[in-house]
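K.L.:
Structure file start-v4.txt (compact mmCIF, C-alpha atoms and all ligand atoms) is given on the next line.
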```txt
# COMPACT_ATOMS: atom_id res chain seq x y z
CA VAL A 1 -146.86 112.68 -1.10
CA THR A 2 -145.54 109.23 -0.35
CA SER A 3 -143.52 107.80 -3.19
CA LEU A 4 -142.59 104.25 -4.04
CA LEU A 5 -139.57 103.67 -6.23
CA HIS A 6 -140.41 100.59 -8.33
CA VAL A 7 -137.39 99.00 -10.04
CA ASP A 8 -137.79 96.08 -12.49
CA SER A 9 -134.87 94.15 -13.96
CA SER A 10 -136.09 91.10 -15.91
CA ILE A 11 -135.04 91.03 -19.56
CA ARG A 12 -138.40 89.37 -20.20
CA HIS A 13 -141.32 91.77 -20.47
CA ASP A 14 -144.46 89.76 -21.27
CA GLY A 15 -144.86 86.76 -19.01
CA SER A 16 -142.21 87.73 -16.47
CA THR A 17 -143.02 86.38 -13.03
CA SER A 18 -140.99 88.99 -11.13
CA ARG A 19 -142.50 91.88 -13.11
CA THR A 20 -146.03 90.54 -12.68
CA LEU A 21 -145.65 90.14 -8.92
CA ALA A 22 -144.07 93.58 -8.59
CA ALA A 23 -146.88 95.16 -10.62
CA GLN A 24 -149.42 93.48 -8.33
CA PHE A 25 -147.62 94.95 -5.32
CA ALA A 26 -147.50 98.45 -6.82
CA GLN A 27 -151.17 98.38 -7.77
CA THR A 28 -152.31 97.34 -4.29
CA TRP A 29 -149.89 99.73 -2.59
CA LEU A 30 -151.21 102.66 -4.66
CA GLN A 31 -154.70 101.97 -3.37
CA GLY A 32 -153.47 102.55 0.20
CA GLY A 33 -153.73 106.35 0.02
CA ALA A 34 -154.60 109.16 -2.36
CA ASP A 35 -151.20 110.78 -1.71
CA ARG A 36 -149.31 107.76 -2.98
CA THR A 37 -147.30 107.86 -6.17
CA VAL A 38 -145.01 105.42 -7.98
CA VAL A 39 -141.73 106.34 -9.63
CA TYR A 40 -140.92 103.58 -12.10
CA ARG A 41 -137.50 102.54 -13.37
CA ASP A 42 -137.07 99.72 -15.85
CA LEU A 43 -133.40 98.75 -15.81
CA THR A 44 -133.73 97.02 -19.19
CA VAL A 45 -135.15 100.11 -20.90
CA THR A 46 -132.72 102.59 -19.34
CA PRO A 47 -129.77 100.41 -18.29
CA PRO A 48 -127.48 102.19 -15.84
CA PRO A 49 -123.92 102.53 -17.09
CA HIS A 50 -121.36 100.24 -15.54
CA LEU A 51 -119.70 102.20 -12.78
CA SER A 52 -116.62 103.93 -14.18
CA TRP A 53 -113.54 105.06 -12.27
CA ASP A 54 -114.50 108.66 -13.09
CA ALA A 55 -117.96 108.17 -11.57
CA PHE A 56 -116.49 106.37 -8.56
CA THR A 57 -113.83 108.97 -7.78
CA ALA A 58 -116.18 111.90 -8.52
CA ALA A 59 -118.20 110.91 -5.44
CA MET A 60 -115.13 111.52 -3.28
CA THR A 61 -114.03 114.73 -4.94
CA PRO A 62 -115.59 118.19 -4.39
CA ALA A 63 -117.66 119.12 -7.46
CA GLY A 64 -115.49 122.20 -8.07
CA ASP A 65 -112.43 119.98 -8.52
CA HIS A 66 -114.05 117.51 -10.97
CA THR A 67 -112.43 116.86 -14.33
CA GLU A 68 -114.78 117.08 -17.31
CA GLU A 69 -114.98 113.28 -17.38
CA GLN A 70 -115.83 113.14 -13.67
CA SER A 71 -118.59 115.77 -14.01
CA SER A 72 -120.30 113.96 -16.83
CA ALA A 73 -120.00 110.55 -15.15
CA ALA A 74 -121.26 111.98 -11.85
CA LYS A 75 -124.33 113.45 -13.53
CA ALA A 76 -125.67 110.12 -14.76
CA ARG A 77 -124.94 108.52 -11.40
CA GLU A 78 -126.52 111.36 -9.43
CA GLU A 79 -129.89 110.83 -11.14
CA LEU A 80 -130.03 107.23 -9.85
CA ILE A 81 -128.84 108.19 -6.39
CA VAL A 82 -131.29 111.06 -5.94
CA GLU A 83 -134.12 108.87 -7.23
CA LEU A 84 -133.34 106.37 -4.47
CA GLU A 85 -132.82 109.02 -1.79
CA SER A 86 -136.11 110.72 -2.70
CA ALA A 87 -138.19 107.56 -2.39
CA ASP A 88 -140.18 106.81 0.76
CA ALA A 89 -140.36 103.10 -0.05
CA LEU A 90 -138.59 100.73 -2.45
CA LEU A 91 -139.93 97.88 -4.55
CA LEU A 92 -137.23 95.87 -6.28
CA SER A 93 -137.93 92.95 -8.59
CA SER A 94 -135.31 90.52 -9.82
CA PRO A 95 -135.15 87.19 -11.58
CA MET A 96 -132.29 84.81 -10.83
CA TYR A 97 -129.76 84.79 -13.67
CA ASN A 98 -126.87 82.37 -13.43
CA TYR A 99 -127.37 81.94 -9.67
CA SER A 100 -127.33 85.68 -9.08
CA ILE A 101 -129.03 88.85 -10.35
CA PRO A 102 -129.29 90.54 -13.78
CA SER A 103 -126.18 92.54 -14.62
CA ALA A 104 -128.25 95.72 -15.10
CA LEU A 105 -129.38 95.46 -11.48
CA LYS A 106 -125.77 94.96 -10.36
CA ALA A 107 -124.85 98.09 -12.32
CA TRP A 108 -127.66 100.00 -10.58
CA ILE A 109 -126.36 98.79 -7.18
CA ASP A 110 -122.79 99.86 -7.98
CA ASN A 111 -124.12 103.29 -8.94
CA VAL A 112 -126.32 103.91 -5.90
CA ILE A 113 -123.95 102.70 -3.19
CA VAL A 114 -121.85 105.71 -2.23
CA MET A 115 -119.82 105.32 0.92
CA SER A 116 -120.56 107.92 3.63
CA ARG A 117 -123.64 109.03 1.69
CA THR A 118 -126.12 106.25 0.85
CA ALA A 119 -124.21 103.56 2.78
CA GLY A 120 -121.33 103.09 5.18
CA ARG A 121 -122.14 106.06 7.38
CA PRO A 122 -120.53 106.01 10.82
CA ASP A 123 -123.94 105.72 12.51
CA GLY A 124 -124.92 102.74 10.37
CA THR A 125 -127.84 104.48 8.69
CA GLY A 126 -128.18 104.82 4.93
CA ALA A 127 -130.45 105.85 2.09
CA LEU A 128 -132.98 103.15 3.00
CA THR A 129 -133.11 103.53 6.77
CA GLY A 130 -136.69 103.73 8.01
CA LYS A 131 -138.13 102.94 4.57
CA PRO A 132 -140.10 99.79 3.79
CA VAL A 133 -138.25 97.71 1.20
CA THR A 134 -140.03 94.95 -0.71
CA VAL A 135 -138.05 92.56 -2.88
CA VAL A 136 -139.84 90.33 -5.36
CA LEU A 137 -137.79 87.45 -6.74
CA SER A 138 -138.32 84.73 -9.31
CA ARG A 139 -136.14 81.77 -10.08
CA GLY A 140 -136.47 78.83 -12.42
CA GLY A 141 -135.25 76.19 -10.02
CA GLY A 142 -135.64 75.39 -6.34
CA TYR A 143 -133.13 76.50 -3.71
CA GLY A 144 -134.91 75.70 -0.48
CA PRO A 145 -133.11 74.33 2.59
CA GLY A 146 -131.90 70.79 1.99
CA THR A 147 -132.16 70.96 -1.83
CA PRO A 148 -129.00 70.14 -3.82
CA ARG A 149 -128.46 73.74 -4.92
CA ALA A 150 -129.45 75.47 -1.69
CA ALA A 151 -125.96 76.97 -1.43
CA TRP A 152 -126.08 78.26 -5.02
CA ASN A 153 -128.67 80.96 -4.35
CA HIS A 154 -126.53 84.08 -4.63
CA GLN A 155 -129.59 86.13 -5.52
CA GLU A 156 -131.47 86.42 -2.25
CA ALA A 157 -128.77 86.72 0.43
CA TYR A 158 -126.79 89.04 -1.82
CA LEU A 159 -129.69 91.44 -2.32
CA ARG A 160 -130.50 91.37 1.39
CA HIS A 161 -126.93 92.28 2.27
CA VAL A 162 -126.80 95.08 -0.30
CA LEU A 163 -130.06 96.54 1.04
CA GLU A 164 -128.80 96.24 4.61
CA ALA A 165 -125.63 98.03 3.52
CA LEU A 166 -127.91 100.83 2.29
CA GLY A 167 -129.28 101.02 5.82
CA ALA A 168 -132.56 99.19 5.20
CA ASP A 169 -134.13 98.00 8.43
CA ASP A 170 -137.52 96.85 7.08
CA ILE A 171 -136.88 94.34 4.29
CA HIS A 172 -139.52 91.91 3.08
CA ILE A 173 -138.46 89.33 0.48
CA VAL A 174 -140.97 87.35 -1.56
CA ALA A 175 -139.79 84.62 -3.95
CA ALA A 176 -141.55 82.51 -6.55
CA GLU A 177 -139.47 79.41 -7.22
CA LEU A 178 -139.52 76.64 -9.84
CA THR A 179 -140.91 78.97 -12.51
CA LEU A 180 -139.38 76.74 -15.22
CA ALA A 181 -141.33 73.67 -14.06
CA SER A 182 -144.15 74.09 -16.58
CA SER A 183 -141.79 74.46 -19.58
CA ASN A 184 -138.97 72.04 -18.64
CA PRO A 185 -139.97 68.38 -19.15
CA ALA A 186 -137.34 67.31 -16.59
CA MET A 187 -139.26 69.30 -13.96
CA VAL A 188 -142.72 67.85 -14.66
CA GLY A 189 -142.92 66.45 -11.14
CA LEU A 190 -142.46 69.94 -9.72
CA VAL A 191 -145.39 71.67 -11.45
CA GLY A 192 -147.58 71.44 -8.35
CA ALA A 193 -144.84 72.81 -6.11
CA ALA A 194 -144.28 75.66 -8.59
CA GLU A 195 -147.95 76.56 -8.51
CA GLU A 196 -147.89 76.56 -4.71
CA SER A 197 -144.79 78.73 -4.66
CA LEU A 198 -146.41 81.28 -6.97
CA ALA A 199 -149.66 81.31 -5.02
CA ALA A 200 -147.75 81.84 -1.76
CA ALA A 201 -145.78 84.66 -3.37
CA GLU A 202 -148.99 86.32 -4.59
CA ARG A 203 -150.46 86.14 -1.09
CA ALA A 204 -147.28 87.54 0.45
CA VAL A 205 -147.18 90.40 -2.05
CA ALA A 206 -150.84 91.26 -1.42
CA GLY A 207 -150.32 91.19 2.35
CA ARG A 208 -147.22 93.35 2.30
CA ALA A 209 -148.71 95.86 -0.15
CA ALA A 210 -151.80 96.32 2.01
CA ALA A 211 -149.81 96.56 5.28
C1 LIG B 301 -130.20 84.39 -18.66
C2 LIG B 301 -130.96 83.53 -17.70
C3 LIG B 301 -130.28 82.88 -16.69
C4 LIG B 301 -130.99 82.10 -15.76
N1 LIG B 301 -130.30 81.49 -14.75
C5 LIG B 301 -130.99 80.77 -13.83
C6 LIG B 301 -130.31 80.18 -12.74
O1 LIG B 301 -129.12 80.28 -12.56
N2 LIG B 301 -131.04 79.49 -11.84
C7 LIG B 301 -132.40 79.36 -11.95
O2 LIG B 301 -133.01 78.76 -11.08
N3 LIG B 301 -133.08 79.91 -12.98
C8 LIG B 301 -132.39 80.61 -13.91
N4 LIG B 301 -133.07 81.19 -14.95
C9 LIG B 301 -134.53 81.09 -14.99
C10 LIG B 301 -135.17 82.32 -14.42
O3 LIG B 301 -134.70 82.60 -13.11
C11 LIG B 301 -136.68 82.13 -14.35
O4 LIG B 301 -137.17 81.88 -15.66
C12 LIG B 301 -137.38 83.32 -13.76
O5 LIG B 301 -138.77 83.08 -13.67
C13 LIG B 301 -137.13 84.57 -14.60
O6 LIG B 301 -137.81 85.66 -14.02
P1 LIG B 301 -138.92 86.44 -14.85
O7 LIG B 301 -140.03 85.44 -15.07
O8 LIG B 301 -139.31 87.55 -13.99
O9 LIG B 301 -138.29 86.87 -16.12
C14 LIG B 301 -132.39 81.97 -15.88
C15 LIG B 301 -133.06 82.63 -16.92
C16 LIG B 301 -132.36 83.40 -17.82
C17 LIG B 301 -133.11 84.12 -18.90
```
Can you turn what I pasted into structure tokens?
P.N.:
Amino acid sequence: VTSLLHVDSSIRHDGSTSRTLAAQFAQTWLQGGADRTVVYRDLTVTPPPHLSWDAFTAAMTPAGDHTEEQSSAAKAREELIVELESADALLLSSPMYNYSIPSALKAWIDNVIVMSRTAGRPDGTGALTGKPVTVVLSRGGGYGPGTPRAAWNHQEAYLRHVLEALGADDIHIVAAELTLASSNPAMVGLVGAAEESLAAAERAVAGRAAA
């Protein structure tokens, strides 16, 4: 069995661009083989706890020496870590919130990065080494090279770096930009560019999922 871990993070359910694109990817990917299966995690339905000091220190302490607090914190964290380690491929979707990512996704990242285990190994490998990683992003504005807020995009480079820290060596990022153009009167001149961005993202998702 080849399993894809599909993680969604938009607080919007109906009409979410990142969720829709990720669902398109998962659907096409599933058709690539009868042995394929998707493990789905919605970070807004089961939000990971913020990383606690007990959970953080538990990862560096032998289980037999855990305090009660460390054991219980480690249990919740372990479920997320094992889910990531068990996956053969990762699909991560994220909207841009306040120039970065949803806080539930940040909490997930803080939980799954464990030095010397999922990341930061001496040989540079990690939980995602050798696994295809597809990241599907949406953002209301435009952050392309030369645009006024190009340097404000702390969503895309951040996620790439986090995934690289987890050892990923096959990362494909797809982004639909200007998603607010059709609802924000100030962006009326950008509706065409938004449609193009979405169409390009849909093509990229289809291509990657079928690869
Ligand atoms: C809480 C919140 C914060 C947002 N912050 C930004 C932002 O900083 N920059 C931006 O371009 N769009 C921002 N947006 C717009 C979203 O990125 C955009 O609507 C995107 O399509 C949301 O993804 P979704 O359709 O998958 O929910 C924000 C939206 C919300 C709800």
K.L.:
Which one is closest to ligand LIG 301 (chain B): A:Arg203, A:His66, A:Arg149, A:His172? Count only C-alpha atoms and all ligand atoms.
P.N.:
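Looking only at the distances to ligand LIG 301 (chain B), the closest residue turns out to be A:Arg149.
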K.L.:
What are the closest atom pairs, with distances in Å to one decimal, for all residues of chain A lying within 9 Å of ligand LIG 301 (chain B)? Consider only C-alpha atoms and all ligand atoms, order rows by chain and residue number, and present the result as a Markdown table.
P.N.:
```
| residue | atom | partner | partner_atom | distance |
| --- | --- | --- | --- | --- |
| A:Asp8 | CA | B:LIG301 | O8 | 8.8 |
| A:Ser9 | CA | B:LIG301 | O8 | 8.0 |
| A:Ser10 | CA | B:LIG301 | O9 | 4.8 |
| A:Ile11 | CA | B:LIG301 | O9 | 6.3 |
| A:Arg12 | CA | B:LIG301 | O9 | 4.8 |
| A:His13 | CA | B:LIG301 | O9 | 7.2 |
| A:Asp14 | CA | B:LIG301 | O9 | 8.5 |
| A:Gly15 | CA | B:LIG301 | O7 | 6.4 |
| A:Ser16 | CA | B:LIG301 | O7 | 3.5 |
| A:Thr17 | CA | B:LIG301 | O7 | 3.7 |
| A:Ser18 | CA | B:LIG301 | O8 | 3.6 |
| A:Arg19 | CA | B:LIG301 | O8 | 5.4 |
| A:Thr20 | CA | B:LIG301 | O8 | 7.5 |
| A:Leu21 | CA | B:LIG301 | O8 | 8.5 |
| A:Ser93 | CA | B:LIG301 | O8 | 7.8 |
| A:Ser94 | CA | B:LIG301 | O8 | 6.5 |
| A:Pro95 | CA | B:LIG301 | O6 | 3.9 |
| A:Met96 | CA | B:LIG301 | O3 | 4.0 |
| A:Tyr97 | CA | B:LIG301 | N1 | 3.5 |
| A:Asn98 | CA | B:LIG301 | O1 | 3.2 |
| A:Tyr99 | CA | B:LIG301 | O1 | 3.8 |
| A:Ser100 | CA | B:LIG301 | O1 | 6.7 |
| A:Ile101 | CA | B:LIG301 | N1 | 8.7 |
| A:Pro102 | CA | B:LIG301 | C1 | 7.9 |
| A:Leu137 | CA | B:LIG301 | O8 | 7.4 |
| A:Ser138 | CA | B:LIG301 | O5 | 4.7 |
| A:Arg139 | CA | B:LIG301 | O3 | 3.5 |
| A:Gly140 | CA | B:LIG301 | N3 | 3.6 |
| A:Gly141 | CA | B:LIG301 | O2 | 3.6 |
| A:Gly142 | CA | B:LIG301 | O2 | 6.4 |
| A:Tyr143 | CA | B:LIG301 | O2 | 7.7 |
| A:Trp152 | CA | B:LIG301 | O1 | 8.4 |
| A:Asn153 | CA | B:LIG301 | N2 | 8.0 |
| A:Ala176 | CA | B:LIG301 | O5 | 7.7 |
| A:Glu177 | CA | B:LIG301 | O5 | 7.5 |
| A:Leu178 | CA | B:LIG301 | O2 | 7.0 |
| A:Thr179 | CA | B:LIG301 | O5 | 4.8 |
| A:Leu180 | CA | B:LIG301 | O4 | 5.6 |
```
K.L.:
What's the separation between atom CA of Thr2 of chain A and atom CA of Trp108 of chain A, in Å to one decimal place?
P.N.:
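Computed distance, atom CA of Thr2 of chain A to atom CA of Trp108 of chain A, equals 22.6 Å.
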K.L.:
Between A:Ala58, A:Val114, A:Ala175, A:Val135, which has the minimum distance to Ser72 of chain A (counting only C-alpha atoms)?
P.N.:
A:Ala58
K.L.:
Using only C-alpha atoms for the distances, tell me which of A:Ser86, A:Gln70, A:Gln31, A:Ser116 is nearest to Trp53 of chain A.
P.N.:
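Residue with the minimum atom-to-atom distance to Trp53 of chain A: A:Gln70.
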K.L.:
Which residue gives the smallest distance to Phe25 of chain A among A:Gln155, A:Thr37, A:Thr134, A:Ser182, with all atoms listed in the file counted?
P.N.:
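When distances to Phe25 of chain A are compared using all atoms listed in the file, the smallest one comes from A:Thr134.
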K.L.:
Considering all atoms listed in the file, state which residue in the set A:Thr67, A:Leu90, A:Ala107, A:Ala76 is at the smallest distance from Leu43 of chain A.
P.N.:
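Checking each of A:Thr67, A:Leu90, A:Ala107, A:Ala76 against Leu43 of chain A, counting all atoms listed in the file, the winner is A:Ala107.
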K.L.:
Which residue, A:Leu5, A:Ala59, A:Thr129, A:Gly144, has the smallest gap to Ser197 of chain A when you use all atoms listed in the file?
P.N.:
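Of A:Leu5, A:Ala59, A:Thr129, A:Gly144, the one nearest Ser197 of chain A, counting all atoms listed in the file, is A:Gly144.
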K.L.:
Between atom CA of Asp54 of chain A and atom CA of Ala74 of chain A, measure the distance and give it in Å to one decimal.
P.N.:
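Separation of atom CA of Asp54 of chain A and atom CA of Ala74 of chain A: 7.6 Å.
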K.L.:
Excluding same-chain residues fewer than 5 positions from Ala119 of chain A, what lies within 6 Å of it counting all atoms listed in the file, as a ChimeraX atom specification?
P.N.:
/A:114,126,165-166
K.L.:
For those residues, write C-alpha atoms to a file as a tab-separated table (two decimals), in the frame of the given file.
P.N.:
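Below is the file that was written, part_15.tsv:
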```
chain	number	residue	atom	x	y	z
A	114	VAL	CA	-121.85	105.71	-2.23
A	126	GLY	CA	-128.18	104.82	4.93
A	165	ALA	CA	-125.63	98.03	3.52
A	166	LEU	CA	-127.91	100.83	2.29
```
K.L.:
Write out as a list in words which residues come within 10 Å of Ile81 of chain A when counting only C-alpha atoms, dropping same-chain ones fewer than 3 positions away.
P.N.:
Lys75, Ala76, Arg77, Glu78, Leu84, Glu85, Ser86, Trp108, Ile109, Asn111, Val112, Ile113, Val114, Arg117, Thr118 and Ala127 of chain A
K.L.:
Go ahead and dump the residues you just picked, C-alpha atoms, as a PDB file, in the frame of the given file.
P.N.:
```pdb
ATOM      1  CA  LYS A  75    -124.330 113.450 -13.530  1.00  0.00           C
ATOM      2  CA  ALA A  76    -125.670 110.120 -14.760  1.00  0.00           C
ATOM      3  CA  ARG A  77    -124.940 108.520 -11.400  1.00  0.00           C
ATOM      4  CA  GLU A  78    -126.520 111.360  -9.430  1.00  0.00           C
ATOM      5  CA  LEU A  84    -133.340 106.370  -4.470  1.00  0.00           C
ATOM      6  CA  GLU A  85    -132.820 109.020  -1.790  1.00  0.00           C
ATOM      7  CA  SER A  86    -136.110 110.720  -2.700  1.00  0.00           C
ATOM      8  CA  TRP A 108    -127.660 100.000 -10.580  1.00  0.00           C
ATOM      9  CA  ILE A 109    -126.360  98.790  -7.180  1.00  0.00           C
ATOM     10  CA  ASN A 111    -124.120 103.290  -8.940  1.00  0.00           C
ATOM     11  CA  VAL A 112    -126.320 103.910  -5.900  1.00  0.00           C
ATOM     12  CA  ILE A 113    -123.950 102.700  -3.190  1.00  0.00           C
ATOM     13  CA  VAL A 114    -121.850 105.710  -2.230  1.00  0.00           C
ATOM     14  CA  ARG A 117    -123.640 109.030   1.690  1.00  0.00           C
ATOM     15  CA  THR A 118    -126.120 106.250   0.850  1.00  0.00           C
ATOM     16  CA  ALA A 127    -130.450 105.850   2.090  1.00  0.00           C
TER      17      ALA A 127
END
```
K.L.:
Please provide as a list in words all residues within 12 Å of Leu30 of chain A, with the sequence filter that same-chain residues fewer than 4 positions apart are discarded (counting all atoms listed in the file).
P.N.:
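Skipping anything fewer than 4 positions along the chain leaves Val1, Thr2, Ser3, Leu4, Leu5, His6, Ala23, Gln24, Phe25, Ala26, Ala34, Asp35, Arg36, Thr37, Val38, Val39, Ala89, Ala206, Ala209, Ala210 and Ala211 of chain A.
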K.L.:
Output C-alpha atoms of each residue in that selection to a file, as a compact mmCIF listing (two decimals), in the coordinates of the input.
P.N.:
```txt
# COMPACT_ATOMS: atom_id res chain seq x y z
CA VAL A 1 -146.86 112.68 -1.10
CA THR A 2 -145.54 109.23 -0.35
CA SER A 3 -143.52 107.80 -3.19
CA LEU A 4 -142.59 104.25 -4.04
CA LEU A 5 -139.57 103.67 -6.23
CA HIS A 6 -140.41 100.59 -8.33
CA ALA A 23 -146.88 95.16 -10.62
CA GLN A 24 -149.42 93.48 -8.33
CA PHE A 25 -147.62 94.95 -5.32
CA ALA A 26 -147.50 98.45 -6.82
CA ALA A 34 -154.60 109.16 -2.36
CA ASP A 35 -151.20 110.78 -1.71
CA ARG A 36 -149.31 107.76 -2.98
CA THR A 37 -147.30 107.86 -6.17
CA VAL A 38 -145.01 105.42 -7.98
CA VAL A 39 -141.73 106.34 -9.63
CA ALA A 89 -140.36 103.10 -0.05
CA ALA A 206 -150.84 91.26 -1.42
CA ALA A 209 -148.71 95.86 -0.15
CA ALA A 210 -151.80 96.32 2.01
CA ALA A 211 -149.81 96.56 5.28
```
K.L.:
Grab the atom CA of Leu159 of chain A to atom CA of Pro132 of chain A distance for me, in Å with one decimal place.
P.N.:
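Interatomic distance here is 14.7 Å.
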K.L.:
Please determine an axis-aligned box that encloses all atoms of segment 46-60 of chain A listed in the file, with 3 Å added on each side, and express its centre and edge lengths in Å to one decimal as JSON.
P.N.:
```
{"center_x": -123.1, "center_y": 106.1, "center_z": -11.3, "size_x": 25.2, "size_y": 17.7, "size_z": 22.1}
```
